[in-house]
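final_26.cif follows (mmCIF, C-alpha atoms):
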data_structure
#
loop_
_atom_site.label_atom_id
_atom_site.label_comp_id
_atom_site.auth_asym_id
_atom_site.auth_seq_id
_atom_site.Cartn_x
_atom_site.Cartn_y
_atom_site.Cartn_z
CA MET E 1 41.22 47.30 -6.33
CA ALA E 2 39.65 43.94 -5.87
CA ARG E 3 37.30 42.47 -8.44
CA MET E 4 34.36 41.22 -6.39
CA LYS E 5 32.67 38.03 -7.56
CA PHE E 6 30.33 35.33 -6.31
CA LEU E 7 31.11 31.65 -6.56
CA CYS E 8 28.66 28.90 -5.65
CA ASP E 9 30.34 25.57 -5.00
CA ALA E 10 27.39 23.39 -5.99
CA ASP E 11 29.00 20.29 -4.50
CA ARG E 12 28.69 21.88 -1.08
CA CYS E 13 25.28 23.59 -1.35
CA ILE E 14 22.72 21.78 0.81
CA ASP E 15 19.74 23.81 -0.41
CA CYS E 16 19.08 25.26 3.07
CA ASN E 17 18.10 28.68 1.69
CA ALA E 18 19.84 30.51 4.52
CA CYS E 19 21.47 32.83 1.95
CA VAL E 20 18.02 33.77 0.64
CA THR E 21 16.71 34.48 4.13
CA ALA E 22 19.84 36.35 5.18
CA CYS E 23 19.64 38.57 2.10
CA LYS E 24 15.97 39.37 2.67
CA ASN E 25 16.56 40.21 6.29
CA GLU E 26 19.76 42.19 5.90
CA ASN E 27 18.45 44.32 3.05
CA GLU E 28 14.80 44.57 4.14
CA VAL E 29 13.88 43.46 0.63
CA PRO E 30 10.23 44.15 -0.22
CA TRP E 31 7.69 41.33 -0.24
CA GLY E 32 7.76 39.35 -3.45
CA ILE E 33 11.32 40.26 -4.39
CA ASN E 34 14.12 37.72 -4.19
CA ARG E 35 17.55 39.11 -4.83
CA ARG E 36 18.96 35.62 -4.33
CA ARG E 37 17.38 32.20 -4.76
CA VAL E 38 18.45 28.58 -4.62
CA VAL E 39 17.52 26.29 -7.49
CA THR E 40 17.95 22.53 -7.51
CA ILE E 41 18.83 20.92 -10.84
CA ASN E 42 17.78 17.32 -11.47
CA ASP E 43 15.86 17.37 -8.19
CA GLY E 44 15.52 13.87 -6.72
CA LYS E 45 17.74 12.22 -9.33
CA PRO E 46 21.28 10.94 -8.83
CA GLY E 47 23.75 13.78 -9.23
CA GLU E 48 21.31 16.56 -8.32
CA ARG E 49 23.00 19.83 -7.49
CA SER E 50 21.69 23.00 -5.86
CA VAL E 51 22.99 26.36 -6.93
CA SER E 52 22.49 29.65 -5.15
CA MET E 53 22.13 32.38 -7.76
CA ALA E 54 21.85 36.16 -7.65
CA CYS E 55 23.27 38.99 -9.72
CA MET E 56 26.76 37.86 -10.75
CA HIS E 57 28.01 41.43 -11.29
CA CYS E 58 29.10 40.61 -14.83
CA THR E 59 32.04 41.97 -16.72
CA ASP E 60 30.54 44.07 -19.55
CA ALA E 61 27.12 43.70 -17.91
CA PRO E 62 24.24 43.08 -20.37
CA CYS E 63 21.75 44.94 -18.14
CA ALA E 64 23.86 48.10 -18.34
CA ALA E 65 24.21 47.74 -22.11
CA VAL E 66 20.48 47.49 -22.82
CA CYS E 67 19.22 50.04 -20.25
CA PRO E 68 17.46 52.79 -22.25
CA VAL E 69 18.21 55.42 -19.59
CA SER E 70 21.75 54.23 -18.71
CA CYS E 71 20.98 53.92 -15.00
CA PHE E 72 23.68 51.28 -14.30
CA TYR E 73 27.25 51.84 -13.21
CA THR E 74 30.12 49.61 -12.11
CA THR E 75 31.99 50.44 -8.91
CA ALA E 76 35.77 50.30 -8.55
CA ASP E 77 35.27 46.87 -6.94
CA GLY E 78 33.54 45.54 -10.04
CA VAL E 79 30.07 45.63 -8.47
CA VAL E 80 27.24 46.44 -10.89
CA LEU E 81 24.80 48.91 -9.30
CA HIS E 82 21.91 50.99 -10.56
CA SER E 83 20.04 54.14 -9.65
CA LYS E 84 16.41 53.67 -8.67
CA ASP E 85 15.86 57.38 -9.25
CA LEU E 86 16.72 56.98 -12.92
CA CYS E 87 15.20 53.51 -13.53
CA ILE E 88 11.94 53.70 -15.52
CA GLY E 89 10.93 50.06 -14.94
CA CYS E 90 10.94 49.08 -18.61
CA GLY E 91 12.02 45.49 -17.92
CA TYR E 92 14.76 45.38 -20.58
CA CYS E 93 17.44 44.37 -18.07
CA PHE E 94 15.38 41.30 -17.14
CA TYR E 95 15.32 40.17 -20.79
CA ALA E 96 19.05 40.66 -21.22
CA CYS E 97 20.22 39.30 -17.85
CA PRO E 98 21.61 35.74 -18.14
CA PHE E 99 20.84 35.06 -14.45
CA GLY E 100 17.32 36.46 -14.00
CA ALA E 101 18.63 38.89 -11.39
CA PRO E 102 16.46 42.00 -11.96
CA GLN E 103 13.27 41.97 -9.90
CA TYR E 104 10.28 44.32 -9.92
CA PRO E 105 8.01 45.15 -7.00
CA ARG E 106 4.77 44.98 -8.99
CA VAL E 107 3.23 43.02 -11.79
CA GLY E 108 0.90 45.59 -13.31
CA ASN E 109 -0.81 46.34 -16.59
CA PHE E 110 0.71 48.80 -19.05
CA GLY E 111 4.24 48.19 -17.79
CA SER E 112 3.75 49.53 -14.26
CA ARG E 113 6.40 47.32 -12.72
CA GLY E 114 7.94 49.88 -10.41
CA LYS E 115 11.65 50.45 -9.96
CA MET E 116 13.94 47.50 -10.60
CA ASP E 117 15.59 45.87 -7.58
CA LYS E 118 18.51 43.49 -7.63
CA CYS E 119 21.43 42.22 -5.59
CA THR E 120 23.78 45.10 -4.75
CA TYR E 121 26.55 42.84 -3.42
CA CYS E 122 25.60 44.54 -0.12
CA THR E 123 27.05 47.76 -1.52
CA GLY E 124 24.03 50.05 -1.40
CA GLY E 125 23.54 52.46 -4.27
CA PRO E 126 24.38 55.93 -5.54
CA GLU E 127 23.23 57.72 -2.37
CA PRO E 128 25.83 58.64 0.30
CA ASP E 129 27.15 55.49 2.03
CA ASN E 130 25.31 54.14 5.08
CA THR E 131 22.56 56.74 5.10
CA PRO E 132 18.93 55.82 5.88
CA LEU E 133 18.05 56.98 2.35
CA GLN E 134 20.50 54.51 0.83
CA TYR E 135 19.30 51.73 3.13
CA GLU E 136 15.66 52.29 2.28
CA LYS E 137 16.22 52.11 -1.48
CA TYR E 138 19.02 49.59 -1.83
CA GLY E 139 19.51 47.84 1.51
CA ALA E 140 22.67 47.30 3.47
CA ASN E 141 26.08 48.67 2.58
CA ARG E 142 28.36 46.11 4.18
CA LEU E 143 31.22 46.49 1.72
CA SER E 144 31.87 50.06 2.89
CA GLU E 145 32.22 48.64 6.42
CA GLY E 146 34.76 46.10 5.25
CA LYS E 147 32.31 43.19 5.32
CA LEU E 148 31.29 40.83 2.55
CA PRO E 149 27.70 40.17 1.43
CA LEU E 150 25.78 38.46 4.23
CA CYS E 151 24.54 35.58 2.05
CA ALA E 152 28.11 34.35 1.58
CA GLU E 153 29.30 35.34 5.05
CA MET E 154 26.75 33.14 6.78
CA CYS E 155 26.65 30.18 4.38
CA SER E 156 26.81 27.21 6.74
CA THR E 157 28.75 24.91 4.39
CA LYS E 158 30.81 27.74 2.88
CA SER E 159 29.40 26.77 -0.47
CA LEU E 160 28.66 30.35 -1.46
CA LEU E 161 31.86 32.37 -1.64
CA ALA E 162 32.14 36.11 -2.06
CA GLY E 163 35.25 38.23 -2.32
CA ASP E 164 38.00 39.05 -4.75
CA GLY E 165 37.69 36.85 -7.82
CA ASP E 166 41.28 35.60 -7.72
CA ILE E 167 41.11 34.66 -4.04
CA ILE E 168 37.80 32.77 -4.20
CA ALA E 169 38.93 31.06 -7.40
CA GLN E 170 42.05 29.83 -5.55
CA ILE E 171 39.94 28.57 -2.63
CA TYR E 172 37.74 26.67 -5.05
CA LYS E 173 40.76 25.25 -6.89
CA ASP E 174 42.26 23.99 -3.63
CA ARG E 175 38.99 22.36 -2.65
CA VAL E 176 38.67 20.57 -5.97
CA ALA E 177 42.28 19.40 -5.76
CA GLN E 178 41.77 18.05 -2.25
CA ARG E 179 38.46 16.27 -2.69
CA GLY E 180 39.05 15.25 -6.31
CA TYR E 181 35.90 16.60 -7.95
CA GLY E 182 34.02 19.79 -8.64
CA SER E 183 31.02 20.61 -10.80
CA GLY E 184 32.48 23.95 -11.83
CA ALA E 185 32.10 27.63 -11.04
CA TRP E 186 28.47 28.09 -12.10
CA GLY E 187 27.88 31.11 -14.27
CA TRP E 188 31.49 32.25 -14.45
CA GLN E 189 31.89 31.62 -18.16
CA THR E 190 28.69 33.56 -18.88
CA ALA E 191 29.34 36.37 -16.42
CA TYR E 192 33.09 36.88 -16.56
CA ARG E 193 34.06 35.10 -19.82
CA GLU E 194 36.47 32.95 -17.86
CA THR E 195 36.30 29.75 -15.93
CA ILE E 196 38.35 28.23 -13.15
CA GLU E 197 40.79 25.63 -14.45
CA THR E 198 40.83 22.75 -11.98
CA MET J 1 28.64 -35.79 -33.61
CA ALA J 2 27.98 -35.94 -29.88
CA THR J 3 31.69 -35.76 -29.15
CA LEU J 4 32.02 -32.73 -31.43
CA CYS J 5 29.22 -30.94 -29.57
CA ALA J 6 30.79 -31.75 -26.23
CA HIS J 7 34.13 -30.49 -27.52
CA ILE J 8 32.61 -27.16 -28.65
CA ARG J 9 30.73 -26.83 -25.37
CA SER J 10 33.87 -27.25 -23.30
CA ILE J 11 35.71 -24.65 -25.41
CA VAL J 12 32.85 -22.13 -25.04
CA THR J 13 32.71 -22.73 -21.29
CA ALA J 14 36.44 -22.25 -20.94
CA MET J 15 36.29 -19.00 -22.91
CA ALA J 16 33.35 -17.73 -20.88
CA ILE J 17 35.22 -18.37 -17.64
CA LEU J 18 38.29 -16.67 -19.03
CA ILE J 19 36.31 -13.53 -20.14
CA PHE J 20 34.52 -13.37 -16.77
CA ALA J 21 37.80 -13.66 -14.86
CA VAL J 22 39.44 -10.92 -16.94
CA ALA J 23 36.40 -8.64 -16.52
CA ALA J 24 36.15 -9.27 -12.78
CA LEU J 25 39.83 -8.73 -12.09
CA PRO J 26 40.05 -4.91 -12.33
CA ALA J 27 36.65 -4.51 -10.63
CA THR J 28 37.82 -6.23 -7.47
CA ALA J 29 41.13 -4.39 -7.57
CA GLN J 30 39.32 -0.98 -7.73
CA GLN J 31 36.74 -1.73 -5.08
CA PRO J 32 37.87 0.65 -2.28
CA ASN J 33 37.89 3.78 -4.49
CA ALA J 34 34.97 2.93 -6.78
CA VAL J 35 32.47 5.39 -5.24
CA ASP J 36 32.66 8.64 -7.18
CA PRO J 37 30.20 11.18 -5.71
CA ASN J 38 30.61 13.28 -8.81
CA ALA J 39 29.83 10.50 -11.31
CA ASP J 40 26.29 11.64 -12.12
CA ALA J 41 26.71 15.28 -11.12
CA VAL J 42 25.18 17.80 -13.49
CA LYS J 43 27.78 19.87 -15.33
CA GLU J 44 27.13 23.46 -16.27
CA GLN J 45 28.67 23.42 -19.75
CA GLN J 46 26.99 20.12 -20.59
CA LEU J 47 23.56 21.48 -19.57
CA LEU J 48 24.07 24.67 -21.56
CA GLN J 49 25.03 22.70 -24.65
CA GLN J 50 21.97 20.49 -24.29
CA PHE J 51 19.27 23.03 -23.44
CA ASP J 52 20.91 26.48 -23.90
CA ARG J 53 19.47 27.43 -20.52
CA ILE J 54 19.70 25.90 -17.05
CA GLN J 55 16.63 25.51 -14.95
CA GLY J 56 15.63 23.44 -11.98
CA LEU J 57 13.25 23.56 -9.07
CA GLY J 58 13.07 26.41 -6.59
CA GLN J 59 11.13 27.08 -3.43
CA ILE J 60 9.61 30.50 -4.16
CA PRO J 61 6.33 31.18 -6.00
CA ASP J 62 8.04 33.09 -8.85
CA THR J 63 8.59 30.25 -11.35
CA ARG J 64 10.62 32.51 -13.65
CA SER J 65 13.34 32.46 -11.00
CA TYR J 66 13.79 28.70 -11.51
CA VAL J 67 15.86 29.51 -14.60
CA ILE J 68 19.28 30.23 -13.16
CA GLU J 69 21.19 30.78 -16.36
CA GLN J 70 20.10 31.79 -19.85
CA PRO J 71 23.02 33.04 -21.97
CA MET J 72 20.44 33.67 -24.73
CA GLY J 73 19.94 37.10 -23.17
CA ARG J 74 23.06 37.93 -25.12
CA VAL J 75 21.17 37.43 -28.40
CA TRP J 76 18.47 39.80 -27.16
CA ARG J 77 21.14 42.33 -26.29
CA GLN J 78 22.83 41.93 -29.67
CA PHE J 79 19.53 42.55 -31.44
CA HIS J 80 18.57 45.54 -29.32
CA GLU J 81 21.92 47.24 -29.10
CA VAL J 82 23.32 46.49 -32.53
CA TRP J 83 20.82 45.32 -35.13
CA LEU J 84 17.89 47.46 -34.01
CA HIS J 85 20.08 50.56 -34.08
CA TRP J 86 21.12 49.88 -37.67
CA ILE J 87 17.63 48.88 -38.83
CA GLY J 88 16.05 51.88 -37.10
CA ALA J 89 18.63 54.38 -38.30
CA ILE J 90 18.53 53.17 -41.91
CA ALA J 91 14.71 53.07 -41.95
CA VAL J 92 14.20 56.52 -40.43
CA LEU J 93 17.07 58.40 -42.08
CA GLY J 94 16.65 56.54 -45.37
CA MET J 95 12.95 57.45 -45.58
CA LEU J 96 13.74 61.06 -44.69
CA ALA J 97 16.39 61.18 -47.43
CA LEU J 98 13.93 59.70 -49.97
CA LEU J 99 11.25 62.25 -49.09
CA ILE J 100 13.66 65.18 -49.28
CA THR J 101 15.04 63.96 -52.60
CA PHE J 102 11.54 63.58 -54.01
CA TYR J 103 10.53 67.03 -52.78
CA LEU J 104 13.63 68.66 -54.24
CA ILE J 105 13.10 66.99 -57.63
CA ARG J 106 9.33 67.18 -57.93
CA GLY J 107 8.43 70.02 -55.57
CA MET J 108 4.93 70.55 -54.25
CA ILE J 109 2.20 68.99 -56.40
CA ARG J 110 -0.58 71.55 -56.79
CA ILE J 111 -4.09 71.16 -58.23
CA GLU J 112 -3.46 72.07 -61.87
CA SER J 113 -6.51 74.22 -62.52
CA GLY J 114 -7.08 75.39 -58.94
CA ARG J 115 -9.97 74.64 -56.54
CA SER J 116 -13.43 74.27 -58.08
CA GLY J 117 -15.24 75.62 -55.02
CA VAL J 118 -17.40 72.48 -54.69
CA LYS J 119 -16.81 70.21 -51.67
CA ILE J 120 -17.73 66.53 -51.74
CA VAL J 121 -17.84 64.41 -48.53
CA ARG J 122 -15.41 61.57 -49.12
CA PHE J 123 -15.04 60.39 -45.51
CA ASN J 124 -17.71 60.76 -42.85
CA SER J 125 -16.93 62.15 -39.39
CA PHE J 126 -16.46 58.66 -37.88
CA GLU J 127 -13.89 57.75 -40.52
CA ARG J 128 -12.07 61.04 -39.97
CA PHE J 129 -12.07 60.50 -36.22
CA VAL J 130 -10.66 56.96 -36.53
CA HIS J 131 -8.02 58.13 -38.99
CA TRP J 132 -6.75 60.94 -36.78
CA MET J 133 -6.94 58.87 -33.60
CA THR J 134 -4.69 56.31 -35.29
CA ALA J 135 -2.41 58.99 -36.72
CA THR J 136 -2.00 60.74 -33.35
CA CYS J 137 -1.22 57.44 -31.63
CA PHE J 138 1.20 56.57 -34.41
CA ILE J 139 3.17 59.77 -33.96
CA ILE J 140 3.28 59.36 -30.15
CA LEU J 141 4.30 55.70 -30.49
CA GLY J 142 6.94 56.56 -33.07
CA LEU J 143 8.57 59.34 -31.05
CA THR J 144 8.50 57.47 -27.73
CA GLY J 145 9.73 54.31 -29.44
CA LEU J 146 12.65 56.19 -30.97
CA ASN J 147 13.37 57.61 -27.51
CA ILE J 148 13.65 54.13 -25.98
CA THR J 149 16.07 53.01 -28.70
CA PHE J 150 18.06 56.17 -29.49
CA GLY J 151 17.25 58.50 -26.58
CA LYS J 152 20.29 57.59 -24.53
CA TYR J 153 22.55 58.67 -27.38
CA ALA J 154 20.59 61.64 -28.72
CA LEU J 155 18.80 63.18 -25.72
CA LEU J 156 20.58 61.98 -22.58
CA PRO J 157 23.71 64.13 -23.15
CA LEU J 158 21.49 67.17 -23.82
CA MET J 159 18.93 66.74 -21.03
CA GLY J 160 21.02 65.23 -18.25
CA PRO J 161 20.20 61.91 -16.49
CA SER J 162 17.44 63.16 -14.19
CA ALA J 163 15.35 65.06 -16.74
CA PHE J 164 15.88 62.36 -19.34
CA SER J 165 14.65 59.70 -16.90
CA SER J 166 11.48 61.65 -16.05
CA TRP J 167 10.76 62.18 -19.73
CA SER J 168 11.49 58.53 -20.56
CA LEU J 169 9.20 57.32 -17.77
CA ALA J 170 6.36 59.45 -19.16
CA ALA J 171 7.26 58.29 -22.67
CA LYS J 172 7.15 54.65 -21.60
CA TYR J 173 3.65 55.03 -20.19
CA ALA J 174 2.53 57.02 -23.24
CA HIS J 175 3.93 54.26 -25.46
CA ASN J 176 2.23 51.48 -23.51
CA PHE J 177 -1.15 53.23 -23.26
CA THR J 178 -1.44 54.58 -26.81
CA SER J 179 -0.69 51.14 -28.24
CA PHE J 180 -4.28 50.13 -27.43
CA PRO J 181 -6.19 52.93 -29.23
CA PHE J 182 -3.68 52.53 -32.06
CA THR J 183 -4.54 48.84 -32.45
CA LEU J 184 -8.25 49.63 -32.25
CA GLY J 185 -7.78 52.31 -34.92
CA VAL J 186 -5.96 49.94 -37.28
CA ILE J 187 -8.64 47.27 -36.82
CA LEU J 188 -11.38 49.84 -37.59
CA ILE J 189 -9.43 51.12 -40.61
CA PHE J 190 -9.09 47.55 -41.84
CA LEU J 191 -12.86 46.97 -41.58
CA MET J 192 -14.03 50.41 -42.79
CA TRP J 193 -11.94 50.60 -45.91
CA LEU J 194 -11.46 46.93 -46.82
CA ALA J 195 -14.10 47.05 -49.60
CA GLY J 196 -12.36 49.97 -51.30
CA ASN J 197 -8.89 48.48 -51.05
CA ILE J 198 -9.15 45.22 -52.99
CA PRO J 199 -6.46 45.48 -55.70
CA ASN J 200 -7.77 45.34 -59.28
CA ARG J 201 -6.69 45.99 -62.89
CA VAL J 202 -7.19 49.75 -62.57
CA ASP J 203 -4.38 49.84 -59.98
CA VAL J 204 -1.96 48.15 -62.38
CA GLU J 205 -2.75 50.89 -64.89
CA TRP J 206 -2.36 53.52 -62.12
CA PHE J 207 1.11 52.28 -61.20
CA LYS J 208 2.11 51.98 -64.91
CA ARG J 209 1.28 55.64 -65.41
CA GLY J 210 3.24 56.73 -62.33
CA GLY J 211 0.13 57.66 -60.35
CA GLY J 212 0.41 61.31 -61.22
CA MET J 213 3.39 61.61 -58.87
CA VAL J 214 5.89 61.00 -61.65
CA GLY J 215 4.93 63.10 -64.68
CA HIS J 216 1.68 65.05 -64.97
CA ASP J 217 -0.71 62.23 -65.86
CA HIS J 218 -4.15 61.69 -64.26
CA PRO J 219 -4.66 57.92 -64.15
CA PRO J 220 -8.19 56.88 -63.13
CA ALA J 221 -8.97 55.22 -59.77
CA TYR J 222 -11.97 54.14 -57.72
CA ARG J 223 -12.39 55.31 -54.11
CA PHE J 224 -8.72 54.61 -53.33
CA ASN J 225 -5.94 54.74 -55.89
CA GLY J 226 -3.17 52.18 -56.23
CA GLY J 227 -0.78 54.10 -53.97
CA GLN J 228 -3.37 54.48 -51.23
CA LYS J 229 -4.14 50.77 -51.44
CA ALA J 230 -0.45 49.96 -51.04
CA VAL J 231 -0.26 52.15 -47.91
CA TYR J 232 -3.46 50.55 -46.57
CA TRP J 233 -2.01 47.05 -46.85
CA ILE J 234 1.35 48.08 -45.40
CA VAL J 235 -0.46 49.53 -42.35
CA VAL J 236 -2.87 46.62 -41.91
CA LEU J 237 -0.26 43.90 -42.41
CA GLY J 238 2.32 45.80 -40.37
CA GLU J 239 0.07 45.88 -37.33
CA PRO J 240 0.80 42.29 -36.13
CA ARG J 241 4.46 43.32 -35.83
CA SER J 242 3.58 46.16 -33.49
CA ARG J 243 1.38 43.72 -31.55
CA SER J 244 4.38 41.49 -31.01
CA ALA J 245 6.33 44.52 -29.78
CA ALA J 246 3.55 45.31 -27.30
CA ILE J 247 3.59 41.77 -25.94
CA CYS J 248 7.38 41.83 -25.45
#
Exercise: express the given structure as structure tokens:
Amino acid sequence: MARMKFLCDADRCIDCNACVTACKNENEVPWGINRRRVVTINDGKPGERSVSMACMHCTDAPCAAVCPVSCFYTTADGVVLHSKDLCIGCGYCFYACPFGAPQYPRVGNFGSRGKMDKCTYCTGGPEPDNTPLQYEKYGANRLSEGKLPLCAEMCSTKSLLAGDGDIIAQIYKDRVAQRGYGSGAWGWQTAYRETIET
Amino acid sequence: MATLCAHIRSIVTAMAILIFAVAALPATAQQPNAVDPNADAVKEQQLLQQFDRIQGLGQIPDTRSYVIEQPMGRVWRQFHEVWLHWIGAIAVLGMLALLITFYLIRGMIRIESGRSGVKIVRFNSFERFVHWMTATCFIILGLTGLNITFGKYALLPLMGPSAFSSWSLAAKYAHNFTSFPFTLGVILIFLMWLAGNIPNRVDVEWFKRGGGMVGHDHPPAYRFNGGQKAVYWIVVLGEPRSRSAAIC
């Protein structure tokens, strides 16, 4: 089985936010929730870089480790998913997540956040694949149709890569070798405890 | 003198020209490839070493999302999944073991000469209400808190994921809501019984004589004895810690 990963080539990201829009549209994400966002570091200064970040689907995921009701599971493709039926909206996963991926539909008193929502790598959730029930709770299930997450598929500069970790790492390596520079695979060391040697 | 100055000046000038020529030489040679688009580029590892989190500027109203990487979440996980389990288990099981040991050694402490039949009001109805409101909240907070930390090991295998989730959701709300009357209760307890809980010399004597718990002595005390005062201060000073837990 493949080990699905995301890789944002920050030297190519033009901060167009198409990935954010595509994700919202494809998954019908509720108002106020951003499964993916683009953040610009050193905005307006020489050497600024934009990075598109969502759930990185970590190896040994911290969210899964701290969940008090164990509602997370990892698919055979290495995608970290969770059950909204089991989630109690405690917010622990947000504290533990290195990438700020978990989102909550409400900001209420007394911990009434609602069920957690996060990037599913366009893989749906525990419900049967490609059912309206699955779509309503978790959004699209493109992986089961042999497609990659839409954010990466429609990235205009091919900055955001999705796919098997080894393949996208090789693509990134080749790019760095050809153009002579690369600011690194953002988040890989934190998420996968490995980085791409270039 | 003038010739010496002129001599020095010409040497300095010659050296300056030489240094300039040497410095300029590689610069002109490198000119075509000198533009490095990556020269000032931010590097992930460098940023993490400097600030231990990476944040920038985003376009959405949620400013928390501007932090794209914070490996410190690992510390939070380590505390919650490792340290808290040990601290909690040692505190709860250790206290239980102490109480059982004490009970087995000392047994139940009865009134030596039986009840006198005369009742004296020590606490008025308001004090009793505040005490039991706080005690009820404490028990609910304790059980639901233990559920959040240990439930997935102790109850989840017994109850199954669905029932355990429903119970944990109710427990979470119970925990969040009862924290407020609990805090109110502790504040009222602090104010109501502060005057009777200032430590004094009688308490030293009380502790020296084992407080009647060890041996069969009857050391004197005012409204609250030394042991009760100790519990009072543990509860009152322990409250800010539970506040911090409520904020988290």
*Choose the residue, out of E:Cys58, E:Leu148, E:Met4, E:Val38, that has the smallest atom-to-atom separation from Pro98 (chain E); count all atoms listed in the file.*
E:Cys58
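Minimum distance to chain E across J:Met133, J:Met159, J:Ile109, J:Leu191 (counting only C-alpha atoms) occurs at J:Met159.
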*Counting all atoms listed in the file, collect the residues of chain E whose closest atom lies at most 6 Å from chain J, and write them out as a count of residues only.*
14
*Run the PyMOL selection byres ((chain E and resi 176) around 12) mentally over the shown coordinates, then write out the matched residues as an MDAnalysis selection string, using the chain letters and numbers from the document.*
(chainID E and resid 9:12 169:175 177:185 196:198) or (chainID J and resid 38)
*Given the choices E:Asn109, E:Met1, E:Trp186, E:Asp129, which gets closest to Ser144 (chain E) if the distance is worked out from all atoms listed in the file?*
E:Asp129
_(32.3, 40.6, 3.8) in this file's frame - what residues fall within 9 Å of it? Use only C-alpha atoms and give the answer as number ranges by chain._
E: 122, 142-143, 145-150, 152-153, 162-163
_Can you spell out as a ChimeraX atom specification the set of residues that the PyMOL selection byres ((chain E and resi 72) around 9) selects in the structure I just provided?_
/E:63-65,67,69-71,73-74,80-83,87
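Nearest to Asp77 (chain E) of all the residues E:Asp43, E:Asp15, E:Glu194, E:Asp164 is E:Asp164, based on all atoms listed in the file.
In this structure, CA of His131 (chain J) sits 8.6 Å away from CA of Val186 (chain J).
CA of Ser116 (chain J) is found 27.7 Å from CA of Val231 (chain J).
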Could you give me region 226-237 of chain J completed to N, CA, C and O atoms, formatted as an mmCIF file, in the coordinates of the input?
data_model
loop_
_atom_site.group_PDB
_atom_site.id
_atom_site.type_symbol
_atom_site.label_atom_id
_atom_site.label_comp_id
_atom_site.auth_asym_id
_atom_site.auth_seq_id
_atom_site.Cartn_x
_atom_site.Cartn_y
_atom_site.Cartn_z
ATOM 1 N N GLY J 226 -4.127 53.275 -56.463
ATOM 2 C CA GLY J 226 -3.170 52.180 -56.230
ATOM 3 C C GLY J 226 -2.204 52.483 -55.090
ATOM 4 O O GLY J 226 -1.916 51.622 -54.252
ATOM 5 N N GLY J 227 -1.725 53.713 -55.024
ATOM 6 C CA GLY J 227 -0.780 54.100 -53.970
ATOM 7 C C GLY J 227 -1.419 54.032 -52.602
ATOM 8 O O GLY J 227 -0.819 53.525 -51.632
ATOM 9 N N GLN J 228 -2.658 54.525 -52.514
ATOM 10 C CA GLN J 228 -3.370 54.480 -51.230
ATOM 11 C C GLN J 228 -3.616 53.038 -50.789
ATOM 12 O O GLN J 228 -3.538 52.714 -49.605
ATOM 13 N N LYS J 229 -3.918 52.186 -51.767
ATOM 14 C CA LYS J 229 -4.140 50.770 -51.440
ATOM 15 C C LYS J 229 -2.859 50.134 -50.898
ATOM 16 O O LYS J 229 -2.895 49.352 -49.959
ATOM 17 N N ALA J 230 -1.735 50.515 -51.503
ATOM 18 C CA ALA J 230 -0.450 49.960 -51.040
ATOM 19 C C ALA J 230 -0.206 50.375 -49.586
ATOM 20 O O ALA J 230 0.171 49.545 -48.750
ATOM 21 N N VAL J 231 -0.447 51.667 -49.277
ATOM 22 C CA VAL J 231 -0.260 52.150 -47.910
ATOM 23 C C VAL J 231 -1.204 51.422 -46.957
ATOM 24 O O VAL J 231 -0.806 51.007 -45.854
ATOM 25 N N TYR J 232 -2.464 51.256 -47.383
ATOM 26 C CA TYR J 232 -3.460 50.550 -46.570
ATOM 27 C C TYR J 232 -2.956 49.161 -46.168
ATOM 28 O O TYR J 232 -2.980 48.780 -45.002
ATOM 29 N N TRP J 233 -2.438 48.416 -47.160
ATOM 30 C CA TRP J 233 -2.010 47.050 -46.850
ATOM 31 C C TRP J 233 -0.740 47.025 -46.029
ATOM 32 O O TRP J 233 -0.545 46.144 -45.202
ATOM 33 N N ILE J 234 0.135 48.014 -46.227
ATOM 34 C CA ILE J 234 1.350 48.080 -45.400
ATOM 35 C C ILE J 234 0.949 48.316 -43.939
ATOM 36 O O ILE J 234 1.462 47.669 -43.020
ATOM 37 N N VAL J 235 -0.021 49.224 -43.714
ATOM 38 C CA VAL J 235 -0.460 49.530 -42.350
ATOM 39 C C VAL J 235 -1.149 48.317 -41.720
ATOM 40 O O VAL J 235 -0.823 47.903 -40.601
ATOM 41 N N VAL J 236 -2.082 47.726 -42.469
ATOM 42 C CA VAL J 236 -2.870 46.620 -41.910
ATOM 43 C C VAL J 236 -1.999 45.387 -41.648
ATOM 44 O O VAL J 236 -2.085 44.756 -40.594
ATOM 45 N N LEU J 237 -1.116 45.080 -42.597
ATOM 46 C CA LEU J 237 -0.260 43.900 -42.410
ATOM 47 C C LEU J 237 0.900 44.180 -41.470
ATOM 48 O O LEU J 237 1.473 43.262 -40.901
#
